[in-house]
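Written out below as C-alpha cells is the structure these notes cover.
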Protein chains: 2
Amino acid sequence: MEKRIFKDKAYSLLAAMIKAMANPHRLEIVDLLGQGERTVEEIAEEANMSIANTSQHLQVLKQANLVEVRREGNYIHYRLTHEEVSKSWQMLRELGFSQLSEMERLIRDFREKRNSLEALPMDELLTRMRSRNLVVLDVRPAKEFNNGHIRGAINIPLEGLAAKINHLPKNKEYVAYCRGPFCVFADEAVALLTKRGFKAKRLMEGFPDWKMKGLPVETIES
Amino acid sequence: MEKRIFKDKAYSLLAAMIKAMANPHRLEIVDLLGQGERTVEEIAEEANMSIANTSQHLQVLKQANLVEVRREGNYIHYRLTHEEVSKSWQMLRELGFSQLSEMERLIRDFREKRNSLEALPMDELLTRMRSRNLVVLDVRPAKEFNNGHIRGAINIPLEGLAAKINHLPKNKEYVAYCRGPFCVFADEAVALLTKRGFKAKRLMEGFPDWKMKGLPVETIES
DNA sequence: CAAGTATTCAATAAAATAATTGAATACTAG
DNA sequence: CTAGTATTCAATTATTTTATTGAATACTTG
C-alpha cells in the first residue's frame, strides 16, 4: 500500500471515531454512561431529548464502537464498551477546561450562585478524608451509589437531602460529590447545606474520575 | 442559570472543541505539529493538501484554541497551544487502536510488507537500551532530531539512510523510530535495513510519546 | 513604491449531520 | 393471538462541513 493511502485511511478511521464524540448530546450520553449502563428511555429523560433522537445518537456511538448493548425484555441497555472511553472523555473534558476560557466562566457563573465555587480537588479530599470531622456525601441516586462510590462516603440522594438535613450534625464539614463536574447534584447539595448553616464544598470532579485514578472505592452488592 | 441551560452550554463548548479535531486532515496536522512548529506551506506539503485548504483547517484549529501562531516575515508558523493537546491526541489514537479492529488490520497490512510488523513498545526499548549491542536510530529530518530526540539515539534521516547503510556495523541490532505510529519513516527504514541483512525493528510509538511519558530525551541547541 | 511570496478571505457547490415525524420491529403480558 | 411498550427505522428538511477557486492582504526585497 502506498504511504499516502495508508495515512489517509488511518487518520480517517480515527476521525470517524472522534466525530462520534463531537456532539453535545453524545458527549452527555458518554458522560452519563460513565456511571453505568442505562436504557434508551433513561438516557433520553436524563439528557432531555426525544426517544427517537436519543436512539439515533446511540446508533452513532455504537457504530463507532464506543458503546454496546444488552437486551433485557423490552428494554435495551447501553453501556460504554471499555473504561478507556470514559478515560478519554475525562481527558478531553480536562483539555477543554484548560483551553477554553469560556468554560471557566460558565462554571464560575453557575457555581457562584450555589456557593459551590470553591471546589476540592481529588487529592486534597484524599488527604483530608482521614479526619474524623469530614463527611463525604454521595448525592447521586442510590442505584449509582450501590454500583460504586468513594470509600467511606454516605449516600443521601439530592432529592432526599432536604428531608434528612435536620438529622445531620452541624459540627462536621461536608464534601458533596456526584457524577462529574457537569453534574449539578453536588452544587445543589452545597447550596442547600450552606443555606442551612453547614460548612460544605463540592468535589471538583466526580466518581468516575475518582475510580479511574485508582483511589479507594467500594460497592454494594444487590 | 437553569440546570439544563448550564449543561447544554457546557457540553456544547466541549463538542465544539472536539469537532475541531474530528477531521482526518486536522488530525494529521495536530499529529505533525506534535513534532514542533511548522509554516502553512510545510504543513500543506506534508499532508498533501492545497495551501488554501490547509489554511482553512488551521483556522478551525485556531478557533478551538488548539493551535496558535507566530509570524516571522512572510511566514506564519503554527504550533500546538499546549502539550495537553498532543497528549489528548495520543490518548485518542490509543483509544482508536484498542476499539477499531479495522485500524489493526490497516497497520498490519502496511507493516507486513515492510518487515516492521514486530514493533517494540517504549518500555521494552528502555530496558534494552542499556545493551551496548543496540543502536537506536532516529530517522526523522535533522531539524526534528535537533529539536529533541531519544537520549543516545543517532540521527540518520530516511532519505540519507541508503547512502550511509554500508557504514553501519552488521553485528548490532537496530531500533528505528520517527514521529509516531502513522509516520512511515521508521517502517521504510526497517524495510531497507532488513533487506540488507540487518536485524531491525521499529519502535511502536514515536518521539512525542516517548517525551510525554517522561522518558530520557536530549536536545541539540542550534 | 513596485514586484514577489505566503497566507487568508469570500463565494460556491457538494456532501454530511441533525431534529422531527410517523410508521415499523421486537419484545412481554394476558 | 392481541394489546401494549420500548426501541428502531425511514423520510424529510434545515443546517453545517468541506474542497475548490480566484481575489485580497500582509509582508519582504530591491
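Each chain in the C-alpha cells gets a letter, A, B, ..., in the order shown, and its residues are numbered from 1; ligands are numbered from 1 in order too.
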### Counting only C-alpha atoms (C1' of nucleotides), chain A residues within 9 Å of chain D, as an MDAnalysis selection string
chainID A and resid 40:41 51:52 55:56 74:76
### Message
For a quick test of understanding: name the residues of chain B lying within 6 Å of chain A when counting only C-alpha atoms, and present them as number ranges by chain.
### Response
B: 11-12, 14-15, 18-19, 22-24, 96
Contacts of B:Ile220 at 10 Å or less, counting only C-alpha atoms (C1' of nucleotides), minus same-chain residues fewer than 6 places along, as a PDB file with all heavy atoms, in the first residue's frame?
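What landed in out_33.pdb:
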ATOM      1  N   LYS B 143      16.235  18.524  11.489  1.00  0.00           N
ATOM      2  CA  LYS B 143      15.622  19.627  12.239  1.00  0.00           C
ATOM      3  C   LYS B 143      14.803  19.087  13.419  1.00  0.00           C
ATOM      4  O   LYS B 143      14.849  19.631  14.524  1.00  0.00           O
ATOM      5  CB  LYS B 143      14.720  20.430  11.293  1.00  0.00           C
ATOM      6  CG  LYS B 143      14.043  21.626  11.921  1.00  0.00           C
ATOM      7  CD  LYS B 143      13.147  22.316  10.886  1.00  0.00           C
ATOM      8  CE  LYS B 143      11.961  23.007  11.563  1.00  0.00           C
ATOM      9  NZ  LYS B 143      10.903  23.366  10.609  1.00  0.00           N
ATOM     10  N   GLU B 144      14.075  18.043  13.172  1.00  0.00           N
ATOM     11  CA  GLU B 144      13.253  17.466  14.228  1.00  0.00           C
ATOM     12  C   GLU B 144      14.102  16.753  15.270  1.00  0.00           C
ATOM     13  O   GLU B 144      13.823  16.814  16.468  1.00  0.00           O
ATOM     14  CB  GLU B 144      12.224  16.494  13.625  1.00  0.00           C
ATOM     15  CG  GLU B 144      11.188  17.230  12.805  1.00  0.00           C
ATOM     16  CD  GLU B 144      10.286  16.322  11.985  1.00  0.00           C
ATOM     17  OE1 GLU B 144       9.933  15.230  12.467  1.00  0.00           O
ATOM     18  OE2 GLU B 144       9.946  16.697  10.845  1.00  0.00           O
ATOM     19  N   PHE B 145      15.148  16.093  14.799  1.00  0.00           N
ATOM     20  CA  PHE B 145      16.083  15.426  15.717  1.00  0.00           C
ATOM     21  C   PHE B 145      16.689  16.453  16.668  1.00  0.00           C
ATOM     22  O   PHE B 145      16.715  16.255  17.883  1.00  0.00           O
ATOM     23  CB  PHE B 145      17.173  14.725  14.904  1.00  0.00           C
ATOM     24  CG  PHE B 145      18.228  14.047  15.739  1.00  0.00           C
ATOM     25  CD1 PHE B 145      18.007  12.784  16.280  1.00  0.00           C
ATOM     26  CD2 PHE B 145      19.453  14.670  15.969  1.00  0.00           C
ATOM     27  CE1 PHE B 145      18.984  12.150  17.039  1.00  0.00           C
ATOM     28  CE2 PHE B 145      20.428  14.048  16.727  1.00  0.00           C
ATOM     29  CZ  PHE B 145      20.202  12.778  17.260  1.00  0.00           C
ATOM     30  N   ASN B 146      17.148  17.557  16.101  1.00  0.00           N
ATOM     31  CA  ASN B 146      17.782  18.595  16.925  1.00  0.00           C
ATOM     32  C   ASN B 146      16.801  19.180  17.943  1.00  0.00           C
ATOM     33  O   ASN B 146      17.172  19.547  19.042  1.00  0.00           O
ATOM     34  CB  ASN B 146      18.309  19.726  16.035  1.00  0.00           C
ATOM     35  CG  ASN B 146      19.426  19.243  15.133  1.00  0.00           C
ATOM     36  OD1 ASN B 146      20.013  18.190  15.384  1.00  0.00           O
ATOM     37  ND2 ASN B 146      19.702  19.989  14.076  1.00  0.00           N
ATOM     38  N   ASN B 147      15.578  19.216  17.550  1.00  0.00           N
ATOM     39  CA  ASN B 147      14.531  19.781  18.414  1.00  0.00           C
ATOM     40  C   ASN B 147      14.231  18.888  19.615  1.00  0.00           C
ATOM     41  O   ASN B 147      13.556  19.290  20.550  1.00  0.00           O
ATOM     42  CB  ASN B 147      13.268  19.972  17.569  1.00  0.00           C
ATOM     43  CG  ASN B 147      12.281  20.890  18.229  1.00  0.00           C
ATOM     44  OD1 ASN B 147      11.179  20.487  18.565  1.00  0.00           O
ATOM     45  ND2 ASN B 147      12.695  22.136  18.473  1.00  0.00           N
ATOM     46  N   GLY B 148      14.758  17.670  19.595  1.00  0.00           N
ATOM     47  CA  GLY B 148      14.535  16.744  20.697  1.00  0.00           C
ATOM     48  C   GLY B 148      14.505  15.312  20.181  1.00  0.00           C
ATOM     49  O   GLY B 148      13.871  15.034  19.172  1.00  0.00           O
ATOM     50  N   HIS B 149      15.214  14.420  20.877  1.00  0.00           N
ATOM     51  CA  HIS B 149      15.228  13.021  20.453  1.00  0.00           C
ATOM     52  C   HIS B 149      15.485  12.111  21.644  1.00  0.00           C
ATOM     53  O   HIS B 149      15.839  12.569  22.731  1.00  0.00           O
ATOM     54  CB  HIS B 149      16.288  12.813  19.377  1.00  0.00           C
ATOM     55  CG  HIS B 149      17.658  13.257  19.787  1.00  0.00           C
ATOM     56  ND1 HIS B 149      18.154  14.499  19.465  1.00  0.00           N
ATOM     57  CD2 HIS B 149      18.627  12.642  20.515  1.00  0.00           C
ATOM     58  CE1 HIS B 149      19.364  14.630  19.971  1.00  0.00           C
ATOM     59  NE2 HIS B 149      19.679  13.519  20.628  1.00  0.00           N
TER      60      HIS B 149
END
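Residue list for chain C within 9 Å of chain A: DA18, DA19, DT20, DA26, DC27 and DT28 of chain C, counting only C-alpha atoms (C1' of nucleotides).
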Could you tell me, as a short mmCIF file (atom, residue, chain, number, x, y, z; two decimals) with N, CA and C atoms, in the first residue's frame, which residues of stretch 8-159 of chain A DSSP assigns to helix (DSSP H, G or I) when given the backbone?
data_model
loop_
_atom_site.label_atom_id
_atom_site.label_comp_id
_atom_site.auth_asym_id
_atom_site.auth_seq_id
_atom_site.Cartn_x
_atom_site.Cartn_y
_atom_site.Cartn_z
N ASP A 8 -4.01 8.41 4.87
CA ASP A 8 -5.39 8.88 4.71
C ASP A 8 -6.37 7.94 5.42
N LYS A 9 -6.15 6.65 5.24
CA LYS A 9 -7.06 5.70 5.86
C LYS A 9 -6.95 5.73 7.38
N ALA A 10 -5.72 5.79 7.87
CA ALA A 10 -5.52 5.78 9.32
C ALA A 10 -6.17 6.99 9.98
N TYR A 11 -5.89 8.17 9.45
CA TYR A 11 -6.46 9.37 10.05
C TYR A 11 -7.98 9.41 9.88
N SER A 12 -8.46 8.85 8.78
CA SER A 12 -9.92 8.85 8.56
C SER A 12 -10.63 7.94 9.56
N LEU A 13 -10.03 6.80 9.83
CA LEU A 13 -10.63 5.90 10.81
C LEU A 13 -10.74 6.59 12.17
N LEU A 14 -9.66 7.23 12.56
CA LEU A 14 -9.69 7.91 13.86
C LEU A 14 -10.66 9.08 13.87
N ALA A 15 -10.66 9.83 12.76
CA ALA A 15 -11.55 10.99 12.71
C ALA A 15 -13.00 10.54 12.82
N ALA A 16 -13.33 9.40 12.21
CA ALA A 16 -14.70 8.90 12.29
C ALA A 16 -15.07 8.59 13.74
N MET A 17 -14.13 8.02 14.46
CA MET A 17 -14.40 7.71 15.87
C MET A 17 -14.58 9.00 16.68
N ILE A 18 -13.70 9.94 16.45
CA ILE A 18 -13.76 11.20 17.20
C ILE A 18 -15.02 11.97 16.84
N LYS A 19 -15.41 11.88 15.56
CA LYS A 19 -16.63 12.55 15.13
C LYS A 19 -17.83 12.05 15.92
N ALA A 20 -17.79 10.78 16.25
CA ALA A 20 -18.90 10.21 17.02
C ALA A 20 -19.01 10.87 18.39
N MET A 21 -17.92 11.39 18.89
CA MET A 21 -17.96 12.06 20.20
C MET A 21 -18.23 13.55 20.05
N PRO A 24 -22.70 17.61 21.29
CA PRO A 24 -23.05 17.84 22.69
C PRO A 24 -23.92 16.74 23.30
N HIS A 25 -24.92 16.29 22.57
CA HIS A 25 -25.78 15.24 23.12
C HIS A 25 -25.02 13.95 23.35
N ARG A 26 -24.19 13.62 22.38
CA ARG A 26 -23.46 12.35 22.52
C ARG A 26 -22.43 12.43 23.64
N LEU A 27 -21.86 13.61 23.83
CA LEU A 27 -20.94 13.77 24.96
C LEU A 27 -21.67 13.56 26.27
N GLU A 28 -22.87 14.13 26.34
CA GLU A 28 -23.64 13.98 27.57
C GLU A 28 -23.97 12.50 27.81
N ILE A 29 -24.26 11.80 26.73
CA ILE A 29 -24.57 10.37 26.85
C ILE A 29 -23.34 9.60 27.35
N VAL A 30 -22.20 9.87 26.75
CA VAL A 30 -20.98 9.19 27.18
C VAL A 30 -20.69 9.49 28.66
N ASP A 31 -20.87 10.74 29.02
CA ASP A 31 -20.65 11.14 30.41
C ASP A 31 -21.59 10.37 31.34
N LEU A 32 -22.84 10.29 30.94
CA LEU A 32 -23.83 9.59 31.76
C LEU A 32 -23.53 8.10 31.86
N LEU A 33 -23.18 7.51 30.73
CA LEU A 33 -22.89 6.07 30.74
C LEU A 33 -21.63 5.75 31.54
N VAL A 40 -32.48 3.26 26.88
CA VAL A 40 -32.68 4.40 25.98
C VAL A 40 -33.59 5.43 26.65
N GLU A 41 -34.64 4.92 27.26
CA GLU A 41 -35.60 5.78 27.94
C GLU A 41 -34.92 6.64 29.03
N GLU A 42 -34.12 5.98 29.84
CA GLU A 42 -33.45 6.68 30.92
C GLU A 42 -32.51 7.76 30.38
N ILE A 43 -31.79 7.41 29.33
CA ILE A 43 -30.86 8.37 28.74
C ILE A 43 -31.62 9.57 28.19
N ALA A 44 -32.70 9.29 27.46
CA ALA A 44 -33.50 10.36 26.87
C ALA A 44 -34.01 11.30 27.96
N GLU A 45 -34.48 10.73 29.02
CA GLU A 45 -35.01 11.51 30.15
C GLU A 45 -33.92 12.38 30.76
N GLU A 46 -32.78 11.77 31.07
CA GLU A 46 -31.66 12.49 31.70
C GLU A 46 -31.17 13.63 30.83
N ALA A 47 -31.07 13.35 29.52
CA ALA A 47 -30.43 14.33 28.64
C ALA A 47 -31.45 15.24 27.97
N ILE A 51 -37.06 10.30 22.43
CA ILE A 51 -36.60 8.92 22.38
C ILE A 51 -35.94 8.62 21.03
N ALA A 52 -36.61 9.01 19.96
CA ALA A 52 -36.09 8.69 18.64
C ALA A 52 -34.73 9.34 18.41
N ASN A 53 -34.62 10.56 18.82
CA ASN A 53 -33.36 11.27 18.65
C ASN A 53 -32.25 10.60 19.48
N THR A 54 -32.60 10.24 20.70
CA THR A 54 -31.63 9.54 21.55
C THR A 54 -31.17 8.26 20.89
N SER A 55 -32.12 7.52 20.38
CA SER A 55 -31.80 6.26 19.73
C SER A 55 -30.82 6.48 18.57
N GLN A 56 -31.09 7.51 17.79
CA GLN A 56 -30.21 7.76 16.65
C GLN A 56 -28.79 8.12 17.09
N HIS A 57 -28.69 8.92 18.11
CA HIS A 57 -27.35 9.26 18.59
C HIS A 57 -26.66 8.03 19.15
N LEU A 58 -27.43 7.17 19.78
CA LEU A 58 -26.83 5.94 20.31
C LEU A 58 -26.32 5.04 19.18
N GLN A 59 -27.04 5.05 18.06
CA GLN A 59 -26.57 4.27 16.92
C GLN A 59 -25.21 4.77 16.45
N VAL A 60 -25.07 6.09 16.44
CA VAL A 60 -23.80 6.68 16.02
C VAL A 60 -22.67 6.22 16.94
N LEU A 61 -22.94 6.25 18.23
CA LEU A 61 -21.91 5.83 19.19
C LEU A 61 -21.61 4.34 19.05
N LYS A 62 -22.64 3.57 18.76
CA LYS A 62 -22.45 2.13 18.60
C LYS A 62 -21.61 1.83 17.36
N GLN A 63 -21.95 2.53 16.30
CA GLN A 63 -21.21 2.39 15.04
C GLN A 63 -19.71 2.61 15.27
N GLU A 83 -13.46 0.93 29.61
CA GLU A 83 -13.16 2.04 30.53
C GLU A 83 -12.38 3.15 29.82
N GLU A 84 -11.63 2.77 28.81
CA GLU A 84 -10.83 3.79 28.12
C GLU A 84 -11.70 4.87 27.49
N VAL A 85 -12.93 4.52 27.15
CA VAL A 85 -13.83 5.52 26.58
C VAL A 85 -14.08 6.60 27.62
N SER A 86 -14.36 6.17 28.83
CA SER A 86 -14.59 7.10 29.92
C SER A 86 -13.32 7.92 30.20
N LYS A 87 -12.22 7.22 30.19
CA LYS A 87 -10.92 7.86 30.41
C LYS A 87 -10.66 8.96 29.36
N SER A 88 -10.96 8.64 28.11
CA SER A 88 -10.74 9.61 27.04
C SER A 88 -11.66 10.81 27.20
N TRP A 89 -12.89 10.53 27.56
CA TRP A 89 -13.84 11.61 27.82
C TRP A 89 -13.30 12.54 28.90
N GLN A 90 -12.81 11.96 29.97
CA GLN A 90 -12.26 12.77 31.06
C GLN A 90 -11.09 13.62 30.59
N MET A 91 -10.25 13.00 29.77
CA MET A 91 -9.09 13.71 29.25
C MET A 91 -9.52 14.91 28.40
N LEU A 92 -10.49 14.68 27.52
CA LEU A 92 -10.97 15.74 26.64
C LEU A 92 -11.63 16.85 27.46
N ARG A 93 -12.35 16.44 28.46
CA ARG A 93 -13.01 17.40 29.35
C ARG A 93 -11.96 18.29 30.01
N GLU A 94 -10.89 17.67 30.50
CA GLU A 94 -9.82 18.45 31.14
C GLU A 94 -9.14 19.36 30.13
N LEU A 95 -8.98 18.85 28.92
CA LEU A 95 -8.39 19.69 27.87
C LEU A 95 -9.26 20.93 27.67
N GLY A 96 -10.56 20.71 27.63
CA GLY A 96 -11.49 21.82 27.48
C GLY A 96 -11.37 22.82 28.62
N PHE A 97 -11.28 22.30 29.84
CA PHE A 97 -11.15 23.19 31.00
C PHE A 97 -9.91 24.05 30.88
N SER A 98 -8.83 23.45 30.39
CA SER A 98 -7.59 24.21 30.36
C SER A 98 -7.50 25.13 29.14
N GLN A 99 -8.20 24.81 28.05
CA GLN A 99 -8.09 25.61 26.82
C GLN A 99 -9.15 26.68 26.70
N SER A 101 -11.49 29.43 27.86
CA SER A 101 -11.75 30.38 28.94
C SER A 101 -13.26 30.52 29.17
N GLU A 102 -14.02 30.32 28.12
CA GLU A 102 -15.47 30.41 28.25
C GLU A 102 -16.02 29.34 29.19
N MET A 103 -15.36 28.21 29.19
CA MET A 103 -15.79 27.11 30.05
C MET A 103 -15.63 27.51 31.52
N GLU A 104 -14.51 28.11 31.81
CA GLU A 104 -14.24 28.54 33.18
C GLU A 104 -15.31 29.54 33.62
N ARG A 105 -15.60 30.46 32.73
CA ARG A 105 -16.58 31.49 33.03
C ARG A 105 -17.96 30.88 33.29
N LEU A 106 -18.32 29.96 32.44
CA LEU A 106 -19.62 29.30 32.57
C LEU A 106 -19.76 28.62 33.92
N ILE A 107 -18.73 27.87 34.29
CA ILE A 107 -18.78 27.14 35.55
C ILE A 107 -18.77 28.09 36.74
N ARG A 108 -17.99 29.14 36.63
CA ARG A 108 -17.95 30.09 37.73
C ARG A 108 -19.32 30.72 37.95
N ASP A 109 -19.94 31.15 36.85
CA ASP A 109 -21.26 31.76 36.96
C ASP A 109 -22.25 30.83 37.63
N PHE A 110 -22.19 29.58 37.20
CA PHE A 110 -23.16 28.62 37.72
C PHE A 110 -22.94 28.32 39.20
N ARG A 111 -21.70 28.14 39.57
CA ARG A 111 -21.40 27.71 40.94
C ARG A 111 -21.43 28.84 41.96
N GLU A 112 -21.14 30.04 41.47
CA GLU A 112 -21.16 31.17 42.40
C GLU A 112 -22.51 31.28 43.09
N MET A 122 -9.43 16.15 43.95
CA MET A 122 -9.46 14.78 44.49
C MET A 122 -8.36 14.48 45.49
N ASP A 123 -7.14 14.90 45.17
CA ASP A 123 -6.04 14.55 46.08
C ASP A 123 -6.18 15.24 47.43
N GLU A 124 -6.77 16.44 47.41
CA GLU A 124 -6.97 17.13 48.68
C GLU A 124 -8.03 16.41 49.52
N LEU A 125 -9.07 15.95 48.85
CA LEU A 125 -10.09 15.18 49.58
C LEU A 125 -9.46 13.95 50.20
N LEU A 126 -8.60 13.30 49.42
CA LEU A 126 -7.98 12.07 49.90
C LEU A 126 -7.21 12.29 51.19
N THR A 127 -6.43 13.37 51.25
CA THR A 127 -5.66 13.62 52.47
C THR A 127 -6.58 14.04 53.61
N ARG A 128 -7.61 14.83 53.31
CA ARG A 128 -8.47 15.30 54.39
C ARG A 128 -9.48 14.26 54.85
N ALA A 142 -29.50 6.26 44.61
CA ALA A 142 -29.00 5.10 45.33
C ALA A 142 -28.41 4.04 44.40
N LYS A 143 -29.05 3.86 43.26
CA LYS A 143 -28.60 2.84 42.31
C LYS A 143 -27.13 3.07 41.91
N GLU A 144 -26.81 4.32 41.66
CA GLU A 144 -25.44 4.63 41.25
C GLU A 144 -24.46 4.49 42.41
N PHE A 145 -24.93 4.88 43.59
CA PHE A 145 -24.10 4.72 44.79
C PHE A 145 -23.77 3.24 45.00
N ASN A 146 -24.78 2.40 44.89
CA ASN A 146 -24.57 0.96 45.09
C ASN A 146 -23.60 0.38 44.06
N LEU A 158 -29.80 13.65 46.28
CA LEU A 158 -30.18 15.05 46.38
C LEU A 158 -31.65 15.24 46.73
N GLU A 159 -32.51 14.43 46.10
CA GLU A 159 -33.95 14.64 46.35
C GLU A 159 -34.35 14.32 47.79
#
### Task
Give me every strand (DSSP E or B) residue in stretch 26-197 of chain B, going by DSSP on the backbone, as a VMD selection string.
chain B and resid 38 to 39 67 to 72 75 to 80 120 134 to 138 149 to 150 154 to 155 173 to 177
